[in-house]
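Take a look at the structure set out below.
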2 protein chains.
Amino acid sequence: MGKTKKITIQDVARHANVSVGTIDRVIHNRGKVSPAKREKVEEAIKELNFNPNLLARTLALGNRFTICALIPSTPYPGHYWSIPTQGIDVAAAQFNDYGIVVEYYYYDLFDETSFVKQAGNILNASPHGVIMAPLFLQESKTFTEKLKKKKIPYIFIDADLPGGNSLSYIGPDVKRSAFIAGKLLNSVLPENSEILIVNMVKGFENAAALRRIEDGFREYFQNKGLEKERPIQVLTISSTHKETVFRELTKFYIRNSSVKGVFVTNSKSFLVSEYHRQHELDIRVVGYDLVEDNAHHLKTGGIDFIISQGPFQQGKRAIQTLFDYFVFKKEPEKIQHVPLDIIIYENLDFYISFNRLFMNETKDTIT
Amino acid sequence: MGKTKKITIQDVARHANVSVGTIDRVIHNRGKVSPAKREKVEEAIKELNFNPNLLARTLALGNRFTICALIPSTPYPGHYWSIPTQGIDVAAAQFNDYGIVVEYYYYDLFDETSFVKQAGNILNASPHGVIMAPLFLQESKTFTEKLKKKKIPYIFIDADLPGGNSLSYIGPDVKRSAFIAGKLLNSVLPENSEILIVNMVKGFENAAALRRIEDGFREYFQNKGLEKERPIQVLTISSTHKETVFRELTKFYIRNSSVKGVFVTNSKSFLVSEYHRQHELDIRVVGYDLVEDNAHHLKTGGIDFIISQGPFQQGKRAIQTLFDYFVFKKEPEKIQHVPLDIIIYENLDFYISFNRLFMNETKDTIT
DNA sequence: AAAAAAAGTGTGTGCGCACACACTTTTATG
DNA sequence: CATAAAAGTGTGTGCGCACACACTTTTTTT
């Protein structure tokens, strides 16, 4: 009872009256095998329900796969990009023994040249696969074309590059996420409230993505026939620094006092919330990404909703997708949209703890 | 560049001028090793950043761990319990080569005796670990006490057993989930609407859990001072069959026509939604669990919110927790609360697809 | 019909580690 | 000071698989 013995190629060999060499030839469809024996072996495999042991195979093959991760650096501990990085770390640790080696190539979120430089470094390293956040449109295109020439597969996370020929895109459906933001914000707004969309970007790189976010957001109100009742304005700030953001917000609010809801299109909604708090403004806020600062403002009520795009899962899934591609030659889905988690004060804790609890475990075992 | 060589105990042995046997003794802290060499070895391990290869270790040890899963059977394909089962399947496949063998012992959700019988079977099988959904209070207690005597660790999923001495509980914070249900339902209700809580249970087994759900739900309205404005009634139906549920709903609604919102405390909210549709009632519904039928009613608008308690993750995490416990002797957190996902029409698809996409991969590679 | 080529099959080694065992050196014991 | 006991150390085998290679049998070529 319950003695599910391990079936090995030895067992199959014995059962089919051949040697392990023949089993090997049949499994990998190589070398020469007489039709009679081939059939006998295939029969035996089915009968015994033989599954090759991946551990032994990996050990015997001894091959290594290097993956380069081209992602933004984490300027301070609670920063957004620390989360995908953790996801990558966890998966990397899990697959380390299978020969997966992950190397990070960090670039500066606000500096294209750092991106280009690191991209060059990756090309020199000639890894087996690449994970990247293609946040700079043109530079990313240049890079991926070179990767394609070298036949190095690459996966996009966080943002997609339309027509980028990636092995897979793992990230949010941004238009949909903005649509949800609209729905959520609308649900907490009194009648006849004006709405403000706050963008914080340095240049024009993300223009296309921002466009889709705005579209998605507006679409909700159009679908509900609320365009008139909820006028939407847009404020684009070319910085994420507190002082600049505050100054721009002031410049806006002193001219627009009837705004009752704000949608922040990046992970910095806590800045807006903090501004509201300091100036005693009762304005509802919806934003992205469950970073520590946002969690704090969710708790104090300054932020009403945070939409989280499974950043941890993005990193983890990216590694796993490449692993499956390397080891099992499994073609992944071209688009893997992550769940858009709706985070409120009441369910916040669980999202933070559930993955963190486990990370420690994994890390301990590796170190 | 990037030539991260695999460091083996051989490398360490050479570096420390000892044999692999000594390395082994140091790593496992067994046998006799002179202090001088021990230090040299430890030094070498650190210097080379040696990490034992889990694959090779597993292969050499060759031990097997059997895990029995005592969970409700899946009466029809889209049933709730098919999802945790899938999570278990995925993790089982992943750890299969590590010697983890999972055996299912299904019981009937509405039949205590089937639970007891399967529990007995598990005791006979004497597995290394158990995963169970302790849905029958008394029977579960009896069972876990026997497990404790046999020193077999067990993990609860889906529901906790207070003071049950489990290795870990992986599931929702039910009170909190109900609180969230209150918040969500309230957000879509007009002023002065009555609310109905619908329970569907056979006996009195789940009485304690139901109590906590009701408490959590009511707590929201109390905290907001809405007890008066939103009277809450409770309807408990002792069946999940459509006909019975419909009959009981009719009996209730013909006497209570001012109910505008319903909170269904199990995964069958689609039944209530269907009833509303057939009888053209404009009543809002909040329920649990993203089963297929609920997804469908979310899409048609008959259900407004579904709270999902990561059923897939529950199964997966349970296996992984036992694996870490067996292999790394890692004591898990006693309580691992899963995220309480708020599912609406707009983000439903991603929750369904994200895990499903990957399940196929894993299954293909194993079969 | 002999030689060469091809087809078919088995054996042996190593991947990195755990563990049993043999062996040598030191210490304790009478 | 001999001898038993303990401490300290190295070697060899196997886990399940991949792969190189040697070997035998059959088929093709001249």
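Here, A, B, ... name the chains of the structure tokens in the order displayed, residue numbers run from 1 inside each chain, and ligands are numbered from 1 in the same displayed order.
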Residues of chain A near chain D: apply a cut-off of 6 Å, count only C-alpha atoms (C1' of nucleotides), and supply the list as a list in words.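 Listed by rising number, the hits are Ala56, Arg57 and Ala60 of chain A.
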Serialized selection, all heavy atoms, as an mmCIF file, in the first residue's frame:
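Output below, filename again.cif:
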```cif
data_model
loop_
_atom_site.group_PDB
_atom_site.id
_atom_site.type_symbol
_atom_site.label_atom_id
_atom_site.label_comp_id
_atom_site.auth_asym_id
_atom_site.auth_seq_id
_atom_site.Cartn_x
_atom_site.Cartn_y
_atom_site.Cartn_z
ATOM 1 N N ALA A 56 18.017 13.319 -11.875
ATOM 2 C CA ALA A 56 19.133 12.528 -12.387
ATOM 3 C C ALA A 56 19.546 13.020 -13.762
ATOM 4 O O ALA A 56 20.737 13.133 -14.078
ATOM 5 C CB ALA A 56 18.733 11.056 -12.455
ATOM 6 N N ARG A 57 18.556 13.355 -14.561
ATOM 7 C CA ARG A 57 18.849 13.839 -15.905
ATOM 8 C C ARG A 57 19.657 15.140 -15.836
ATOM 9 O O ARG A 57 20.661 15.299 -16.530
ATOM 10 C CB ARG A 57 17.542 14.066 -16.657
ATOM 11 C CG ARG A 57 17.729 14.773 -17.974
ATOM 12 C CD ARG A 57 16.434 14.880 -18.726
ATOM 13 N NE ARG A 57 15.973 13.577 -19.200
ATOM 14 C CZ ARG A 57 14.838 13.401 -19.855
ATOM 15 N NH1 ARG A 57 14.039 14.416 -20.065
ATOM 16 N NH2 ARG A 57 14.490 12.207 -20.275
ATOM 17 N N ALA A 60 23.154 14.443 -14.745
ATOM 18 C CA ALA A 60 23.964 13.797 -15.774
ATOM 19 C C ALA A 60 24.335 14.764 -16.890
ATOM 20 O O ALA A 60 25.455 14.757 -17.391
ATOM 21 C CB ALA A 60 23.204 12.600 -16.342
#
```
request  = Tell me the residues of chain A close to chain C, meaning within 12 Å using only C-alpha atoms (C1' of nucleotides), as a list in words.
outcome  =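 Selected residues: Ala13, Asn17, Val18, Ser19, Val20, Gly21, Thr22, Ile23, Asp24, Arg25, Gly31, Lys32, Val33, Ser34, Pro35, Ala36, Lys37, Arg38, Leu55, Ala56, Arg57, Thr58, Leu59, Ala60, Leu61, Gly62, Asn63 and Asp97 of chain A.
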Since chain B and chain A share a sequence, can you fit the second onto the first over all C-alpha atoms in order and output it as a compact mmCIF listing (two decimals) with C-alpha atoms, in the first residue's frame?
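Listing of out.txt after writing:
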```
# COMPACT_ATOMS: atom_id res chain seq x y z
CA MET A 1 32.62 36.41 -17.24
CA GLY A 2 29.50 34.75 -16.03
CA LYS A 3 31.33 31.48 -15.68
CA THR A 4 29.80 30.75 -12.30
CA LYS A 5 31.28 27.33 -11.93
CA LYS A 6 29.48 24.73 -9.97
CA ILE A 7 31.26 24.33 -6.66
CA THR A 8 31.23 20.74 -5.48
CA ILE A 9 32.47 19.05 -2.37
CA GLN A 10 35.41 17.93 -4.47
CA ASP A 11 36.40 21.54 -4.97
CA VAL A 12 36.10 22.21 -1.28
CA ALA A 13 38.10 19.10 -0.47
CA ARG A 14 40.91 20.12 -2.75
CA HIS A 15 40.91 23.65 -1.42
CA ALA A 16 41.13 22.44 2.17
CA ASN A 17 43.58 19.61 1.50
CA VAL A 18 41.31 16.94 2.82
CA SER A 19 39.15 14.22 1.35
CA VAL A 20 35.50 14.45 0.48
CA GLY A 21 34.74 12.26 3.44
CA THR A 22 35.92 14.95 5.81
CA ILE A 23 33.85 17.54 3.99
CA ASP A 24 30.87 15.32 4.47
CA ARG A 25 31.56 15.01 8.17
CA VAL A 26 31.84 18.74 8.60
CA ILE A 27 28.71 19.52 6.61
CA HIS A 28 26.62 17.05 8.52
CA ASN A 29 28.41 17.48 11.79
CA ARG A 30 28.94 13.79 12.31
CA GLY A 31 31.83 11.39 12.79
CA LYS A 32 35.18 12.62 13.99
CA VAL A 33 37.05 15.56 12.61
CA SER A 34 40.10 17.21 14.11
CA PRO A 35 39.46 20.82 15.09
CA ALA A 36 42.21 22.02 12.77
CA LYS A 37 40.75 20.43 9.67
CA ARG A 38 37.23 21.32 10.62
CA GLU A 39 38.21 24.95 10.63
CA LYS A 40 40.03 24.69 7.36
CA VAL A 41 37.00 23.08 5.77
CA GLU A 42 34.60 25.66 7.11
CA GLU A 43 36.88 28.32 5.79
CA ALA A 44 36.99 26.75 2.38
CA ILE A 45 33.21 26.43 2.28
CA LYS A 46 32.83 30.10 2.94
CA GLU A 47 35.56 31.15 0.61
CA LEU A 48 34.23 29.16 -2.31
CA ASN A 49 30.64 29.91 -1.36
CA PHE A 50 29.80 26.27 -1.50
CA ASN A 51 26.19 25.17 -1.53
CA PRO A 52 25.41 21.49 -1.56
CA ASN A 53 23.50 20.48 -4.65
CA LEU A 54 20.02 19.54 -3.59
CA LEU A 55 19.49 17.40 -6.66
CA ALA A 56 22.50 15.24 -6.01
CA ARG A 57 21.66 15.00 -2.35
CA THR A 58 18.12 13.94 -3.06
CA LEU A 59 19.32 11.38 -5.54
CA ALA A 60 21.86 9.96 -3.16
CA LEU A 61 19.51 9.81 -0.22
CA GLY A 62 16.76 8.26 -2.25
CA ASN A 63 14.18 8.70 0.46
CA ARG A 64 10.50 9.11 -0.26
CA PHE A 65 7.86 11.11 1.50
CA THR A 66 4.23 10.25 1.15
CA ILE A 67 1.63 12.89 1.77
CA CYS A 68 -2.04 12.07 2.13
CA ALA A 69 -4.59 14.69 1.17
CA LEU A 70 -7.90 14.38 2.96
CA ILE A 71 -10.16 16.72 1.06
CA PRO A 72 -13.69 16.80 -0.32
CA SER A 73 -14.26 15.10 -3.61
CA THR A 74 -15.15 17.08 -6.71
CA PRO A 75 -18.73 16.12 -7.60
CA TYR A 76 -18.69 17.95 -10.93
CA PRO A 77 -15.93 19.54 -13.05
CA GLY A 78 -16.39 23.17 -12.12
CA HIS A 79 -16.78 22.48 -8.42
CA TYR A 80 -14.85 24.49 -5.88
CA TRP A 81 -12.68 21.68 -4.65
CA SER A 82 -11.28 21.03 -8.07
CA ILE A 83 -9.19 24.16 -7.63
CA PRO A 84 -7.26 23.30 -4.48
CA THR A 85 -6.83 19.86 -5.98
CA GLN A 86 -5.20 21.40 -9.01
CA GLY A 87 -2.87 23.37 -6.77
CA ILE A 88 -1.88 20.18 -5.03
CA ASP A 89 -1.39 18.46 -8.36
CA VAL A 90 0.92 21.13 -9.64
CA ALA A 91 3.07 21.12 -6.53
CA ALA A 92 3.06 17.33 -6.41
CA ALA A 93 4.33 17.19 -9.97
CA GLN A 94 6.98 19.75 -9.17
CA PHE A 95 8.29 17.81 -6.19
CA ASN A 96 7.73 14.36 -7.52
CA ASP A 97 11.37 13.87 -8.38
CA TYR A 98 12.32 14.88 -4.88
CA GLY A 99 10.50 11.85 -3.60
CA ILE A 100 7.24 13.54 -2.68
CA VAL A 101 4.29 11.27 -3.39
CA VAL A 102 0.78 12.57 -2.88
CA GLU A 103 -2.18 10.30 -2.37
CA TYR A 104 -5.70 11.60 -2.36
CA TYR A 105 -8.33 10.47 0.08
CA TYR A 106 -11.56 12.10 -0.98
CA TYR A 107 -14.55 12.38 1.25
CA ASP A 108 -18.11 13.49 0.69
CA LEU A 109 -18.71 17.07 1.68
CA PHE A 110 -22.02 16.10 3.19
CA ASP A 111 -21.14 12.79 4.75
CA GLU A 112 -19.18 12.59 7.95
CA THR A 113 -18.85 8.85 7.76
CA SER A 114 -16.95 9.08 4.50
CA PHE A 115 -14.57 11.43 6.25
CA VAL A 116 -14.07 9.05 9.12
CA LYS A 117 -13.54 6.15 6.79
CA GLN A 118 -10.91 7.91 4.74
CA ALA A 119 -9.23 9.19 7.88
CA GLY A 120 -8.94 5.58 8.97
CA ASN A 121 -7.41 4.65 5.65
CA ILE A 122 -4.83 7.37 6.07
CA LEU A 123 -3.91 6.12 9.51
CA ASN A 124 -3.36 2.69 8.05
CA ALA A 125 -1.18 4.07 5.32
CA SER A 126 1.00 5.88 7.87
CA PRO A 127 2.17 8.67 5.59
CA HIS A 128 4.88 11.17 6.41
CA GLY A 129 2.45 14.06 6.34
CA VAL A 130 -1.19 14.95 5.90
CA ILE A 131 -3.04 17.79 4.25
CA MET A 132 -6.64 18.09 5.28
CA ALA A 133 -9.68 20.30 5.11
CA PRO A 134 -11.12 19.92 8.60
CA LEU A 135 -14.71 20.58 7.65
CA PHE A 136 -16.19 18.26 10.26
CA LEU A 137 -15.27 19.60 13.62
CA GLN A 138 -15.53 16.58 15.87
CA GLU A 139 -14.34 14.02 13.38
CA SER A 140 -11.36 16.16 12.53
CA LYS A 141 -10.40 16.49 16.15
CA THR A 142 -10.51 12.75 16.65
CA PHE A 143 -8.41 12.25 13.57
CA THR A 144 -5.77 14.85 14.36
CA GLU A 145 -5.33 13.43 17.83
CA LYS A 146 -4.53 10.07 16.37
CA LEU A 147 -2.15 11.71 13.94
CA LYS A 148 -0.43 13.45 16.79
CA LYS A 149 0.04 10.16 18.58
CA LYS A 150 1.66 8.73 15.49
CA LYS A 151 3.72 11.88 15.18
CA ILE A 152 2.46 12.54 11.70
CA PRO A 153 2.46 16.27 10.91
CA TYR A 154 -0.69 17.69 9.35
CA ILE A 155 -1.65 20.91 7.64
CA PHE A 156 -5.08 22.46 7.53
CA ILE A 157 -6.29 24.13 4.40
CA ASP A 158 -9.49 26.00 3.67
CA ALA A 159 -10.62 26.04 7.29
CA ASP A 160 -8.82 26.21 10.56
CA LEU A 161 -9.41 24.08 13.59
CA PRO A 162 -8.89 26.26 16.65
CA GLY A 163 -6.33 24.65 18.88
CA GLY A 164 -5.85 21.89 16.37
CA ASN A 165 -2.08 21.76 16.78
CA SER A 166 -1.49 21.67 13.07
CA LEU A 167 1.89 22.24 11.53
CA SER A 168 0.30 25.16 9.74
CA TYR A 169 -3.01 26.56 8.67
CA ILE A 170 -3.17 27.74 5.10
CA GLY A 171 -6.37 29.54 4.31
CA PRO A 172 -8.40 32.66 4.72
CA ASP A 173 -8.97 34.86 7.70
CA VAL A 174 -12.68 34.15 7.50
CA LYS A 175 -13.79 36.95 9.76
CA ARG A 176 -11.85 39.45 7.73
CA SER A 177 -13.14 38.04 4.49
CA ALA A 178 -16.70 38.53 5.69
CA PHE A 179 -15.84 42.05 6.79
CA ILE A 180 -14.66 42.76 3.27
CA ALA A 181 -17.83 41.22 1.92
CA GLY A 182 -19.73 43.73 4.01
CA LYS A 183 -17.72 46.60 2.68
CA LEU A 184 -18.13 45.52 -0.90
CA LEU A 185 -21.83 44.89 -0.65
CA ASN A 186 -22.36 48.18 1.09
CA SER A 187 -20.54 50.01 -1.68
CA VAL A 188 -23.09 48.99 -4.29
CA LEU A 189 -26.22 49.36 -2.22
CA PRO A 190 -28.57 52.31 -2.25
CA GLU A 191 -29.50 53.92 1.04
CA ASN A 192 -31.84 52.13 3.38
CA SER A 193 -31.52 48.70 1.83
CA GLU A 194 -32.06 45.54 3.73
CA ILE A 195 -29.44 42.83 3.54
CA LEU A 196 -29.71 39.08 3.58
CA ILE A 197 -27.09 36.56 4.56
CA VAL A 198 -27.60 33.18 2.93
CA ASN A 199 -26.00 30.11 4.47
CA MET A 200 -26.18 26.69 2.93
CA VAL A 201 -25.19 23.93 5.30
CA LYS A 202 -26.40 20.48 6.02
CA GLY A 203 -25.83 20.10 9.70
CA PHE A 204 -24.37 22.08 12.55
CA GLU A 205 -20.80 21.19 11.91
CA ASN A 206 -19.75 24.50 10.52
CA ALA A 207 -21.68 26.44 13.11
CA ALA A 208 -18.59 28.03 14.61
CA ALA A 209 -17.19 29.08 11.26
CA LEU A 210 -20.54 30.47 10.16
CA ARG A 211 -20.73 32.42 13.37
CA ARG A 212 -17.40 34.07 12.61
CA ILE A 213 -18.47 34.90 9.11
CA GLU A 214 -21.63 36.56 10.31
CA ASP A 215 -19.73 38.41 12.98
CA GLY A 216 -17.20 39.73 10.52
CA PHE A 217 -19.90 40.80 8.13
CA ARG A 218 -21.93 42.58 10.78
CA GLU A 219 -18.83 44.18 12.20
CA TYR A 220 -18.39 46.26 9.11
CA PHE A 221 -21.79 47.81 9.42
CA GLN A 222 -21.35 48.33 13.13
CA ASN A 223 -18.05 50.07 12.61
CA LYS A 224 -19.67 52.36 10.09
CA GLY A 225 -22.71 52.92 12.28
CA LEU A 226 -24.99 51.45 9.66
CA GLU A 227 -26.80 48.86 11.77
CA LYS A 228 -30.02 50.84 11.63
CA GLU A 229 -29.81 51.81 8.00
CA ARG A 230 -29.00 48.32 6.80
CA PRO A 231 -30.97 45.70 8.69
CA ILE A 232 -29.46 42.27 8.24
CA GLN A 233 -31.43 39.06 8.10
CA VAL A 234 -30.17 35.52 7.92
CA LEU A 235 -31.49 32.63 5.88
CA THR A 236 -30.00 29.22 6.46
CA ILE A 237 -30.76 26.55 3.92
CA SER A 238 -29.86 22.98 4.70
CA SER A 239 -28.98 22.03 1.17
CA THR A 240 -27.11 23.20 -1.89
CA HIS A 241 -29.53 21.75 -4.38
CA LYS A 242 -31.08 24.20 -6.75
CA GLU A 243 -34.66 23.21 -6.12
CA THR A 244 -34.38 23.42 -2.37
CA VAL A 245 -32.49 26.68 -2.48
CA PHE A 246 -35.00 28.21 -4.85
CA ARG A 247 -37.91 27.13 -2.72
CA GLU A 248 -36.38 28.56 0.42
CA LEU A 249 -35.50 31.79 -1.34
CA THR A 250 -39.07 32.13 -2.51
CA LYS A 251 -40.37 31.49 0.97
CA PHE A 252 -38.13 34.26 2.19
CA TYR A 253 -38.59 36.85 -0.52
CA ILE A 254 -42.36 36.73 -0.55
CA ARG A 255 -42.21 37.94 3.03
CA ASN A 256 -39.25 40.31 2.66
CA SER A 257 -39.44 42.42 -0.44
CA SER A 258 -37.12 45.20 0.66
CA VAL A 259 -33.92 43.17 0.54
CA LYS A 260 -31.52 44.78 -1.89
CA GLY A 261 -28.32 42.91 -1.21
CA VAL A 262 -27.32 39.32 -0.51
CA PHE A 263 -24.18 37.86 0.97
CA VAL A 264 -23.81 34.17 0.22
CA THR A 265 -21.43 32.49 2.62
CA ASN A 266 -20.36 29.62 0.41
CA SER A 267 -19.36 29.09 -3.18
CA LYS A 268 -22.93 28.76 -4.44
CA SER A 269 -23.80 32.42 -4.92
CA PHE A 270 -24.51 31.65 -8.56
CA LEU A 271 -27.63 29.86 -7.42
CA VAL A 272 -28.93 33.00 -5.76
CA SER A 273 -27.94 35.07 -8.74
CA GLU A 274 -29.74 32.67 -11.04
CA TYR A 275 -32.82 32.91 -8.87
CA HIS A 276 -32.73 36.69 -9.12
CA ARG A 277 -32.37 36.52 -12.86
CA GLN A 278 -35.27 34.17 -13.33
CA HIS A 279 -37.48 36.28 -11.12
CA GLU A 280 -36.25 39.62 -12.45
CA LEU A 281 -35.07 40.86 -9.11
CA ASP A 282 -32.56 43.68 -8.98
CA ILE A 283 -30.61 42.52 -5.97
CA ARG A 284 -26.87 42.81 -5.48
CA VAL A 285 -24.89 39.70 -4.62
CA VAL A 286 -21.53 39.14 -2.99
CA GLY A 287 -20.18 35.65 -2.58
CA TYR A 288 -17.13 33.46 -2.27
CA ASP A 289 -14.89 31.54 -4.63
CA LEU A 290 -14.24 31.98 -8.30
CA VAL A 291 -15.83 28.80 -9.59
CA GLU A 292 -16.98 28.65 -13.18
CA ASP A 293 -20.62 29.28 -12.41
CA ASN A 294 -19.78 32.32 -10.35
CA ALA A 295 -17.55 33.62 -13.10
CA HIS A 296 -20.44 33.35 -15.48
CA HIS A 297 -22.74 35.29 -13.22
CA LEU A 298 -20.08 37.91 -12.63
CA LYS A 299 -20.01 38.39 -16.38
CA THR A 300 -23.75 38.73 -16.68
CA GLY A 301 -23.82 41.10 -13.74
CA GLY A 302 -25.89 38.91 -11.46
CA ILE A 303 -23.02 38.80 -9.00
CA ASP A 304 -21.21 42.01 -8.15
CA PHE A 305 -18.24 40.75 -6.18
CA ILE A 306 -16.61 37.45 -5.54
CA ILE A 307 -14.07 37.07 -2.81
CA SER A 308 -11.55 34.43 -3.74
CA GLN A 309 -9.34 32.87 -1.13
CA GLY A 310 -6.57 31.67 -3.38
CA PRO A 311 -7.72 28.05 -3.48
CA PHE A 312 -5.06 27.11 -5.99
CA GLN A 313 -2.36 28.66 -3.86
CA GLN A 314 -3.70 26.90 -0.80
CA GLY A 315 -3.14 23.49 -2.29
CA LYS A 316 0.19 24.41 -3.76
CA ARG A 317 1.50 26.05 -0.65
CA ALA A 318 0.42 23.14 1.51
CA ILE A 319 2.59 20.72 -0.43
CA GLN A 320 5.46 23.13 -0.53
CA THR A 321 5.27 23.69 3.20
CA LEU A 322 5.46 19.99 3.89
CA PHE A 323 8.31 19.61 1.43
CA ASP A 324 10.32 22.29 3.17
CA TYR A 325 9.51 20.69 6.47
CA PHE A 326 10.69 17.28 5.35
CA VAL A 327 13.73 18.22 3.37
CA PHE A 328 14.98 21.34 5.12
CA LYS A 329 13.39 20.74 8.51
CA LYS A 330 11.95 24.20 8.20
CA GLU A 331 9.29 25.02 10.76
CA PRO A 332 6.58 26.88 8.90
CA GLU A 333 4.51 29.78 10.14
CA LYS A 334 1.60 28.46 12.14
CA ILE A 335 -0.81 30.60 10.20
CA GLN A 336 -0.46 31.41 6.52
CA HIS A 337 -3.38 33.58 5.58
CA VAL A 338 -3.98 33.64 1.86
CA PRO A 339 -4.71 36.88 0.02
CA LEU A 340 -8.38 37.70 -0.20
CA ASP A 341 -8.78 38.52 -3.85
CA ILE A 342 -11.58 40.84 -4.80
CA ILE A 343 -12.93 39.61 -8.09
CA ILE A 344 -15.11 41.72 -10.33
CA TYR A 345 -16.23 41.45 -13.89
CA GLU A 346 -13.18 43.33 -15.07
CA ASN A 347 -10.36 41.34 -13.51
CA LEU A 348 -11.90 37.92 -13.52
CA ASP A 349 -10.20 36.57 -16.61
CA PHE A 350 -6.70 37.08 -15.34
CA TYR A 351 -7.29 35.09 -12.18
CA ILE A 352 -8.60 32.21 -14.19
CA SER A 353 -5.95 32.18 -16.87
CA PHE A 354 -2.76 32.99 -15.00
CA ASN A 355 -2.58 29.72 -13.17
CA ARG A 356 -4.23 27.61 -15.81
CA LEU A 357 -1.70 28.57 -18.46
CA PHE A 358 0.98 27.17 -16.32
CA MET A 359 -0.73 24.07 -15.16
CA ASN A 360 -0.75 22.66 -18.64
CA GLU A 361 2.94 23.16 -18.94
CA THR A 362 3.67 21.30 -15.79
CA LYS A 363 1.32 18.49 -16.57
CA ASP A 364 2.70 17.94 -20.02
CA THR A 365 6.19 17.65 -18.74
CA ILE A 366 5.26 15.04 -16.21
CA THR A 367 3.08 12.78 -18.24
```
Enumerate as an NGL selection string all residues of region 169-350 of chain B assigned to strand (DSSP E or B) by DSSP on the backbone, naming them with the chain letters and numbers the document uses.
-> :B and (169-171 or 194-200 or 232-237 or 259-264 or 284-288 or 305-308 or 335-337 or 341-343)
Subject >> Test item, alpha helix (DSSP H) assignment across region 143-237 of chain B, answer as a PyMOL selection string >> reply: chain B and resi 143-149+174-187+207-223
